[in-house]
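*Asks:* Below: one structure in structure tokens.
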Amino acid sequence: MKTVTCAAAVIRRSGKIYAACRGHGSHIGWELPGGKLEPHETSRQAIIREIREELGVEIEPVEMIHTIEHDYDDFHLSMDVWLCSLVNGMPHSNEHTEERWLTADELYDVDWLAADLAAVPAIRRILVKTERSQ
């Protein structure tokens with residue numbers, strides 16, 4: 001089975017994270033923004049590039065919080081999930097049908113793609129911990 005290696009960003013702002021909905025292709029649903037690694041590119045480099053291209057903003061990857069290994073029907077996905085801070089701008093995607101900023105309590109209100117769903121418990125812990133420390 002073919003392996004696709006990618007990176008995803010958990011962009012955190014004001015106690016919420018950014019999520020977007022894919023409305024086309026074989027995998028339709030909510031996801032964390034990001035994309036495939038280029039040859040000789042680290043996941044950190046890829047997430048900075050992908051978010052700049054996809055959402056038109058600059059981010060700073062703070063820490064890698066999860067690596068997801070997930071088998072879809074037609075490929076194996078290996079995805080590094082990065083907690084990121086927004087450096088400037090406001091994310092906006094022309095590739096997605098919908099965008100939302102989600103609180104810890106809203107994380108399960110959307111229909112996540114299977115691989116992205118695996119990161120939700122770790123994301124929720126981070127958001128709840130941030131809420132408690134404020």
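Following the order of the structure tokens, first chain is A, next is B, and so on, with residues numbered from 1 inside each chain and ligands from 1 in the order they appear.
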Can you pull out every residue within 6 Å of range 46-61 of chain A, counting only C-alpha atoms, but drop anything in the same chain fewer than 6 positions away, and send it as a JSON list (two decimals) with N, CA and C atoms, in the first residue's frame?

*Replies:*
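Saved result, result.json, follows:
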```
[["chain", "number", "residue", "atom", "x", "y", "z"],
["A", 7, "ALA", "N", 1.84, 16.71, 6.93],
["A", 7, "ALA", "CA", 1.84, 17.44, 8.20],
["A", 7, "ALA", "C", 0.55, 18.24, 8.30],
["A", 34, "GLY", "N", -3.20, 21.49, 6.15],
["A", 34, "GLY", "CA", -1.84, 20.99, 5.96],
["A", 34, "GLY", "C", -1.71, 20.33, 4.61],
["A", 35, "GLY", "N", -0.68, 19.50, 4.48],
["A", 35, "GLY", "CA", -0.49, 18.83, 3.21],
["A", 35, "GLY", "C", 0.74, 17.95, 3.18],
["A", 37, "LEU", "N", 4.42, 16.36, 2.36],
["A", 37, "LEU", "CA", 5.81, 16.79, 2.40],
["A", 37, "LEU", "C", 6.42, 16.70, 1.02],
["A", 83, "LEU", "N", 1.19, 21.69, 16.87],
["A", 83, "LEU", "CA", 0.54, 22.81, 17.53],
["A", 83, "LEU", "C", 1.23, 24.06, 17.01],
["A", 84, "CYS", "N", 0.45, 25.01, 16.51],
["A", 84, "CYS", "CA", 1.02, 26.20, 15.87],
["A", 84, "CYS", "C", 0.38, 27.48, 16.41],
["A", 85, "SER", "N", 1.18, 28.52, 16.43],
["A", 85, "SER", "CA", 0.63, 29.83, 16.76],
["A", 85, "SER", "C", 0.55, 30.63, 15.47],
["A", 86, "LEU", "N", -0.43, 31.50, 15.41],
["A", 86, "LEU", "CA", -0.65, 32.36, 14.26],
["A", 86, "LEU", "C", 0.27, 33.57, 14.39],
["A", 87, "VAL", "N", 1.14, 33.79, 13.40],
["A", 87, "VAL", "CA", 2.08, 34.90, 13.45],
["A", 87, "VAL", "C", 1.42, 36.18, 12.94],
["A", 88, "ASN", "N", 0.75, 36.07, 11.79],
["A", 88, "ASN", "CA", 0.03, 37.24, 11.26],
["A", 88, "ASN", "C", -1.08, 36.79, 10.32],
["A", 89, "GLY", "N", -2.04, 37.68, 10.15],
["A", 89, "GLY", "CA", -3.14, 37.41, 9.24],
["A", 89, "GLY", "C", -4.23, 36.57, 9.87],
["A", 91, "PRO", "N", -6.55, 33.15, 8.82],
["A", 91, "PRO", "CA", -6.66, 32.08, 7.82],
["A", 91, "PRO", "C", -7.95, 32.17, 7.02],
["A", 92, "HIS", "N", -7.80, 31.93, 5.72],
["A", 92, "HIS", "CA", -8.96, 31.81, 4.85],
["A", 92, "HIS", "C", -8.60, 30.87, 3.71],
["A", 93, "SER", "N", -9.43, 29.86, 3.51],
["A", 93, "SER", "CA", -9.17, 28.86, 2.49],
["A", 93, "SER", "C", -10.09, 29.02, 1.30]]
```

*Asks:* Report the distance between CA of Glu98 in chain A and CA of Ala19 in chain A in Å, rounded to one decimal place.

*Replies:*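 It comes out at 8.6 Å.
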
*Asks:* Under the rule that only C-alpha atoms are counted, which of A:His27, A:Leu127, A:Pro121, A:Thr3 is the nearest residue to Thr103 in chain A?

*Replies:*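 Ranked by minimum distance to Thr103 in chain A, first place goes to A:Leu127.
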
*Asks:* As a PDB file with N, CA and C atoms, in the first residue's frame, please: every residue in range 83-129 of chain A that a backbone DSSP assignment puts in alpha helix (DSSP H).

*Replies:*
```
ATOM      1  N   ALA A 114     -11.286  10.511   9.206  1.00  0.00           N
ATOM      2  CA  ALA A 114     -10.865   9.494  10.173  1.00  0.00           C
ATOM      3  C   ALA A 114      -9.489   9.765  10.785  1.00  0.00           C
ATOM      4  N   ALA A 115      -8.514  10.109   9.978  1.00  0.00           N
ATOM      5  CA  ALA A 115      -7.171  10.345  10.509  1.00  0.00           C
ATOM      6  C   ALA A 115      -7.144  11.565  11.424  1.00  0.00           C
ATOM      7  N   ASP A 116      -7.816  12.627  11.041  1.00  0.00           N
ATOM      8  CA  ASP A 116      -7.843  13.843  11.847  1.00  0.00           C
ATOM      9  C   ASP A 116      -8.557  13.608  13.177  1.00  0.00           C
ATOM     10  N   LEU A 117      -9.592  12.773  13.160  1.00  0.00           N
ATOM     11  CA  LEU A 117     -10.328  12.455  14.381  1.00  0.00           C
ATOM     12  C   LEU A 117      -9.401  11.868  15.446  1.00  0.00           C
ATOM     13  N   VAL A 120      -8.009  14.501  17.789  1.00  0.00           N
ATOM     14  CA  VAL A 120      -8.932  15.338  18.566  1.00  0.00           C
ATOM     15  C   VAL A 120      -8.743  15.195  20.081  1.00  0.00           C
ATOM     16  N   PRO A 121      -8.563  14.001  20.650  1.00  0.00           N
ATOM     17  CA  PRO A 121      -8.357  13.936  22.101  1.00  0.00           C
ATOM     18  C   PRO A 121      -7.137  14.739  22.584  1.00  0.00           C
ATOM     19  N   ALA A 122      -6.037  14.678  21.856  1.00  0.00           N
ATOM     20  CA  ALA A 122      -4.845  15.449  22.233  1.00  0.00           C
ATOM     21  C   ALA A 122      -5.101  16.952  22.102  1.00  0.00           C
ATOM     22  N   ILE A 123      -5.808  17.345  21.055  1.00  0.00           N
ATOM     23  CA  ILE A 123      -6.145  18.755  20.852  1.00  0.00           C
ATOM     24  C   ILE A 123      -7.043  19.242  21.986  1.00  0.00           C
ATOM     25  N   ARG A 124      -8.014  18.427  22.350  1.00  0.00           N
ATOM     26  CA  ARG A 124      -8.931  18.811  23.426  1.00  0.00           C
ATOM     27  C   ARG A 124      -8.175  19.011  24.739  1.00  0.00           C
ATOM     28  N   ARG A 125      -7.237  18.111  25.055  1.00  0.00           N
ATOM     29  CA  ARG A 125      -6.443  18.254  26.283  1.00  0.00           C
ATOM     30  C   ARG A 125      -5.672  19.566  26.291  1.00  0.00           C
ATOM     31  N   ILE A 126      -5.114  19.931  25.149  1.00  0.00           N
ATOM     32  CA  ILE A 126      -4.356  21.186  25.047  1.00  0.00           C
ATOM     33  C   ILE A 126      -5.270  22.386  25.269  1.00  0.00           C
ATOM     34  N   LEU A 127      -6.438  22.387  24.624  1.00  0.00           N
ATOM     35  CA  LEU A 127      -7.366  23.513  24.775  1.00  0.00           C
ATOM     36  C   LEU A 127      -7.890  23.623  26.205  1.00  0.00           C
ATOM     37  N   VAL A 128      -8.228  22.504  26.837  1.00  0.00           N
ATOM     38  CA  VAL A 128      -8.730  22.531  28.204  1.00  0.00           C
ATOM     39  C   VAL A 128      -7.641  23.008  29.160  1.00  0.00           C
ATOM     40  N   LYS A 129      -6.423  22.530  28.953  1.00  0.00           N
ATOM     41  CA  LYS A 129      -5.294  22.956  29.801  1.00  0.00           C
ATOM     42  C   LYS A 129      -5.074  24.460  29.667  1.00  0.00           C
TER      43      LYS A 129
END
```

*Asks:* Given the choices A:Ile11, A:Ala118, A:Ala20, A:Leu102, which gets closest to Ser78 in chain A if the distance is worked out from only C-alpha atoms?

*Replies:*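 For Ser78 in chain A, the nearest of the given residues is A:Ala118.
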
*Asks:* Find the residues near Thr97 in chain A: any atom within 8 Å, counting only C-alpha atoms, skip ones fewer than 2 places away on the same chain, and give them as a ChimeraX atom specification.

*Replies:* /A:20-23,94-95,99

*Asks:* For a quick check of understanding, using only C-alpha atoms, which of A:Leu32, A:Leu113, A:Met90, A:Ala9 has the smallest distance to His70 in chain A?

*Replies:*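 So, comparing all the options, the nearest one is A:Leu113.
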